[in-house]
Each structure stands twice: as C-alpha cells, then as structure tokens.
Protein chains: 2
Amino acid sequence: MKDPLSRTFAALADPTRRAMLARLSEGEANVSDLAEPFLTYMSPSAVTKHLKVLENAGLITKGRKAQWRPCHLNGEPLREAVDWMEQHRVAGEEQLDRLGAYLKSKSKGTRRGHT
Amino acid sequence: MKDPLSRTFAALADPTRRAMLARLSEGEANVSDLAEPFLTYMSPSAVTKHLKVLENAGLITKGRKAQWRPCHLNGEPLREAVDWMEQHRVAGEEQLDRLGAYLKSKSKGTRRGHT
DNA sequence: TCGTAAAAACACCAAATGGTTAATTAACAT
DNA sequence: ATGTTAATTAACCATTTGGTGTTTTTACGA
C-alpha cells in the first residue's frame with residue numbers, strides 16, 4: 001500500500017498515461033477514445049490497465065453511460081503533487097543562490113542535525 | 001531507456017527519495033547525512049541505490065570531497081515536471097469548473113468536501 | 001433472442017524495482 | 001604499511017509493473 005503522493009507520481013511516470021491525462025484535460029472521453037492513439041502498438045487490455053493505475057491514483061474517475069465508461073480528470077491529486085514540488089523546488093532554488101557564499105564562510109565539515 | 005520526464009516522476013514516486021530531496025532542499029549533504037534517518041530500517045546499499053535513481057533522473061548531482069560525496073539538488077527537472085503538471089492541471093480545472101456547475105445543477109453528487 | 005460492441009477480468013510472462021548481504025574501492029589517519 | 005571510514009559494486013531474491021491473449025460482463029440493437 002503506497003501513500004497517495006507516491007501513487008500520483010508513479011502514475012505520472014509513464015508517457016502513455018501522461019498522454020491520456022493530457023487528452024482528458026481537454027474534456028471527458030471514453031475508454032476507447034483514450035485508447036485510440038495507442039492501439040497501433042498496444043492492446044486494449046494494456047490501455048485498461050493504464051487507466052486503472054490512473055484511477056487508483058485518484059487522477060481520473062470513470063462514469064457509466066450504456067456500455068461506455070466516460071472518464072474525466074480529477075485535478076486534486078495533481079494539485080497536491082505540484083504543492084509538494086513547488087515547496088522543495090523553490091527551497092532548492094533559494095539554497096542554490098546563497099549556497100556558495102554560505103558554505104565558503106561557514107564550514108566544510110559534515111554538519112549534522114536536521115529539522 | 002525512459003524519457004526524462006518519466007524518470008523524474010518515477011524518482012519522485014518514493015517517500016524515501018522525496019525525503020532525501022526535501023533534506024537536500026535545505027542544503028548540501030553527504031550520502032551518510034542523507035542516509036542517517038533511514039538506517040534504522042534500511043541498509044546503506046539501499047540508500048546508495050535510491051540516490052542513484054535521483055542522480056539518473058538528474059535531480060541531484062554528487063561532488064567529491066575526500067571520501068565524502070556531497071550531494072546537491074538540481075531544480076531543473078523539477079521545474080520541467082511542474083511545468084507539465086501546471087499545464088494539464090489548469091486545463092483540467094477549467095473542465096472541473098464546468099463540471100462543478102453541471103453537477104450542482106444536475107445532482108448533489110458525492111463530491112469530497114474540499115477545504 | 002441473438003449478435004455485436006465496449007470494457008473489464010483472468011491467467012500468464014518478462015523486465016524493472018527495492019531490498020538484502022558480502023566484497024570492493026577510495027581516501028584519510030596512524 | 002595498516003587500519004578505518006565513506007561509499008559503491010556485485011550477486012541474489014521477492015514483488016511490482018507493463019505487456020500479452022483469451023474469456024466474461026454489460027448494454028445496446030436487429
């Protein structure tokens with residue numbers, strides 16, 4: 001059982017799934033709509049599995065309309081992922097700004113003691 | 001061989017590695033500094049492997065100072081990942097805006113209460 | 001009722017991931 | 001030279017992942 005953030009990032013770590021999300025960001029789409037670009041080199045079963053990963057990560061939800069399963073994007077997990085990244089990327093950027101001067105003046109040892 | 005964006009997201013899809021990045025966002029740290037919080041339940045070799053993943057994703061770089069390997073964060077891949085997400089999250093939000101209105105008018109839906 | 005289409009579920013497989021222990025390299029300190 | 005510390009490498013193992021083909025389920029339409 002992975003934590004939600006890990007599941008989100010893991011779901012994003014695949015170009016097929018990212019393409020599906022990109023498609024969904026333009027609006028609702030059925031499974032076969034989402035599958036269509038990939039069917040030249042991938043089976044429908046594989047598509048189902050990819051969608052399952054996205055669903056388990058909470059990135060999409062599937063509805064039901066007759067025999068179709070209209071999927072739509074859920075922005076919430078993406079927002080949380082961005083939040084995490086912004087936090088640490090920005091901190092890193094700041095750090096890069098003053099790192100040189102700081103290290104040069106302060107010390108060169110293995111400083112220990114974290115937050 | 002995976003594309004850079006996939007490698008970045010895959011690297012982020014692990015709480016240990018995210019903790020390491022968080023630590024590095026506060027400043028340079030040696031491998032053993034980074035390892036320290038995890039050594040109660042993980043071997044040093046495992047830590048090395050995690051760092052390798054981060055390095056291969058271009059998220060960190062390792063220097064050399066005697067027998068130490070000072071690591072520091074590289075913000076660039078994070079920025080690119082955020083860019084991708086912002087793009088599609090925002091598009092998704094628009095879609096969600098419309099969806100929200102739709103759901104509100106249509107039904108009272110089991111949408112999670114967002115703060 | 002029968003046929004067909006959309007999607008999922010099942011059983012299987014190869015490769016990647018995340019961990020282990022043990023051995024090795026690299027640099028410093030006696 | 002020898003020992004010690006930091007870190008990596010190697011060999012191995014279990015689980016997960018991403019794919020396959022086949023079979024079921026679900027709902028429409030003739």
# chains A, B, ... in the order shown; residues from 1 in each chain; ligands from 1
$ closest_atom_pairs --of "chain B" --to "chain D" --cutoff "8 Å" --atoms "only C-alpha atoms (C1' of nucleotides)" --output "Markdown table"
| residue | atom | partner | partner_atom | distance |
| --- | --- | --- | --- | --- |
| B:Val31 | CA | D:DA7 | C1' | 7.7 |
| B:Ser32 | CA | D:DA6 | C1' | 7.6 |
| B:Thr48 | CA | D:DT8 | C1' | 7.5 |
| B:Gln67 | CA | D:DA6 | C1' | 5.3 |
| B:Trp68 | CA | D:DA6 | C1' | 5.8 |
| B:Arg69 | CA | D:DA7 | C1' | 7.8 |
$ write_last_selection --atoms "N, CA and C atoms" --output "compact mmCIF listing (two decimals), in the first residue's frame"
# COMPACT_ATOMS: atom_id res chain seq x y z
N VAL B 31 26.31 11.63 1.50
CA VAL B 31 25.49 10.42 1.40
C VAL B 31 25.10 9.93 2.80
N SER B 32 26.05 9.92 3.72
CA SER B 32 25.73 9.40 5.05
C SER B 32 24.80 10.32 5.82
N THR B 48 22.26 4.06 -1.27
CA THR B 48 23.04 4.30 -2.48
C THR B 48 22.18 4.13 -3.72
N GLN B 67 36.70 11.31 1.05
CA GLN B 67 35.88 10.12 0.87
C GLN B 67 34.38 10.41 0.93
N TRP B 68 34.03 11.67 0.97
CA TRP B 68 32.62 12.04 1.01
C TRP B 68 32.11 12.42 -0.37
N ARG B 69 30.82 12.29 -0.50
CA ARG B 69 30.18 12.66 -1.77
C ARG B 69 29.09 13.67 -1.50
$ interface_residues --of "chain C" --to "chain A" --cutoff "12 Å" --atoms "only C-alpha atoms (C1' of nucleotides)" --output "JSON, numbers by chain"
{"C": [4, 5, 6, 7, 8, 9, 10]}
$ interface_residues --of "chain B" --to "chain A" --cutoff "9 Å" --atoms "only C-alpha atoms" --output "PyMOL selection string"
chain B and resi 2-3+5-15+21-30+33+68+72-76+78-79+81-82+85-96
$ write_last_selection --atoms "C-alpha atoms" --output "PDB file, in the first residue's frame"
ATOM      1  CA  LYS B   2      12.844   6.159 -20.404  1.00  0.00           C
ATOM      2  CA  ASP B   3      12.271   9.778 -21.286  1.00  0.00           C
ATOM      3  CA  LEU B   5      10.029  13.369 -17.577  1.00  0.00           C
ATOM      4  CA  SER B   6       9.146   9.762 -16.822  1.00  0.00           C
ATOM      5  CA  ARG B   7      12.411   9.316 -14.972  1.00  0.00           C
ATOM      6  CA  THR B   8      11.724  12.414 -12.917  1.00  0.00           C
ATOM      7  CA  PHE B   9       8.239  11.303 -11.899  1.00  0.00           C
ATOM      8  CA  ALA B  10       9.432   7.763 -11.219  1.00  0.00           C
ATOM      9  CA  ALA B  11      12.160   9.129  -8.978  1.00  0.00           C
ATOM     10  CA  LEU B  12       9.580  11.144  -7.053  1.00  0.00           C
ATOM     11  CA  ALA B  13       7.298   8.137  -6.608  1.00  0.00           C
ATOM     12  CA  ASP B  14       9.015   7.003  -3.418  1.00  0.00           C
ATOM     13  CA  PRO B  15       8.762   8.558   0.043  1.00  0.00           C
ATOM     14  CA  LEU B  21      15.164  15.691  -1.823  1.00  0.00           C
ATOM     15  CA  ALA B  22      13.468  17.597   0.978  1.00  0.00           C
ATOM     16  CA  ARG B  23      16.618  17.323   3.020  1.00  0.00           C
ATOM     17  CA  LEU B  24      18.713  18.491   0.082  1.00  0.00           C
ATOM     18  CA  SER B  25      16.440  21.451  -0.473  1.00  0.00           C
ATOM     19  CA  GLU B  26      17.819  22.783   2.812  1.00  0.00           C
ATOM     20  CA  GLY B  27      21.371  22.476   1.648  1.00  0.00           C
ATOM     21  CA  GLU B  28      24.166  20.220   0.542  1.00  0.00           C
ATOM     22  CA  ALA B  29      24.550  16.894   2.334  1.00  0.00           C
ATOM     23  CA  ASN B  30      26.809  13.870   2.141  1.00  0.00           C
ATOM     24  CA  ASP B  33      23.913  12.530   6.153  1.00  0.00           C
ATOM     25  CA  TRP B  68      32.624  12.042   1.010  1.00  0.00           C
ATOM     26  CA  HIS B  72      23.102  18.875  -4.048  1.00  0.00           C
ATOM     27  CA  LEU B  73      19.716  19.409  -5.573  1.00  0.00           C
ATOM     28  CA  ASN B  74      19.230  20.302  -9.203  1.00  0.00           C
ATOM     29  CA  GLY B  75      15.989  22.203  -9.647  1.00  0.00           C
ATOM     30  CA  GLU B  76      15.773  21.927 -13.417  1.00  0.00           C
ATOM     31  CA  LEU B  78      11.567  19.552 -11.011  1.00  0.00           C
ATOM     32  CA  ARG B  79      10.760  22.713 -12.878  1.00  0.00           C
ATOM     33  CA  ALA B  81       7.802  18.347 -14.153  1.00  0.00           C
ATOM     34  CA  VAL B  82       5.878  21.201 -12.562  1.00  0.00           C
ATOM     35  CA  MET B  85       1.550  19.381 -14.419  1.00  0.00           C
ATOM     36  CA  GLU B  86       0.554  23.026 -14.318  1.00  0.00           C
ATOM     37  CA  GLN B  87      -0.319  22.847 -17.963  1.00  0.00           C
ATOM     38  CA  HIS B  88      -2.654  19.925 -17.634  1.00  0.00           C
ATOM     39  CA  ARG B  89      -3.914  20.557 -14.168  1.00  0.00           C
ATOM     40  CA  VAL B  90      -5.045  24.015 -15.159  1.00  0.00           C
ATOM     41  CA  ALA B  91      -6.739  22.726 -18.257  1.00  0.00           C
ATOM     42  CA  GLY B  92      -8.371  20.145 -16.027  1.00  0.00           C
ATOM     43  CA  GLU B  93      -9.503  22.802 -13.594  1.00  0.00           C
ATOM     44  CA  GLU B  94     -11.346  24.641 -16.326  1.00  0.00           C
ATOM     45  CA  GLN B  95     -13.007  21.407 -17.158  1.00  0.00           C
ATOM     46  CA  LEU B  96     -13.742  20.880 -13.495  1.00  0.00           C
TER      47      LEU B  96
END
$ residues_around --residues "Pro37 (chain A)" --least-positions-apart "4" --cutoff "10 Å" --atoms "only C-alpha atoms (C1' of nucleotides)" --output "JSON, numbers by chain"
{"A": [16, 19, 20, 32, 33, 41, 42]}
$ atom_distance --atom1 "CA of Leu34 (chain A)" --atom2 "CA of Pro70 (chain A)"
9.8 Å
$ atom_distance --atom1 "C1' of DT24 (chain C)" --atom2 "CA of Ala46 (chain B)"
16.7 Å
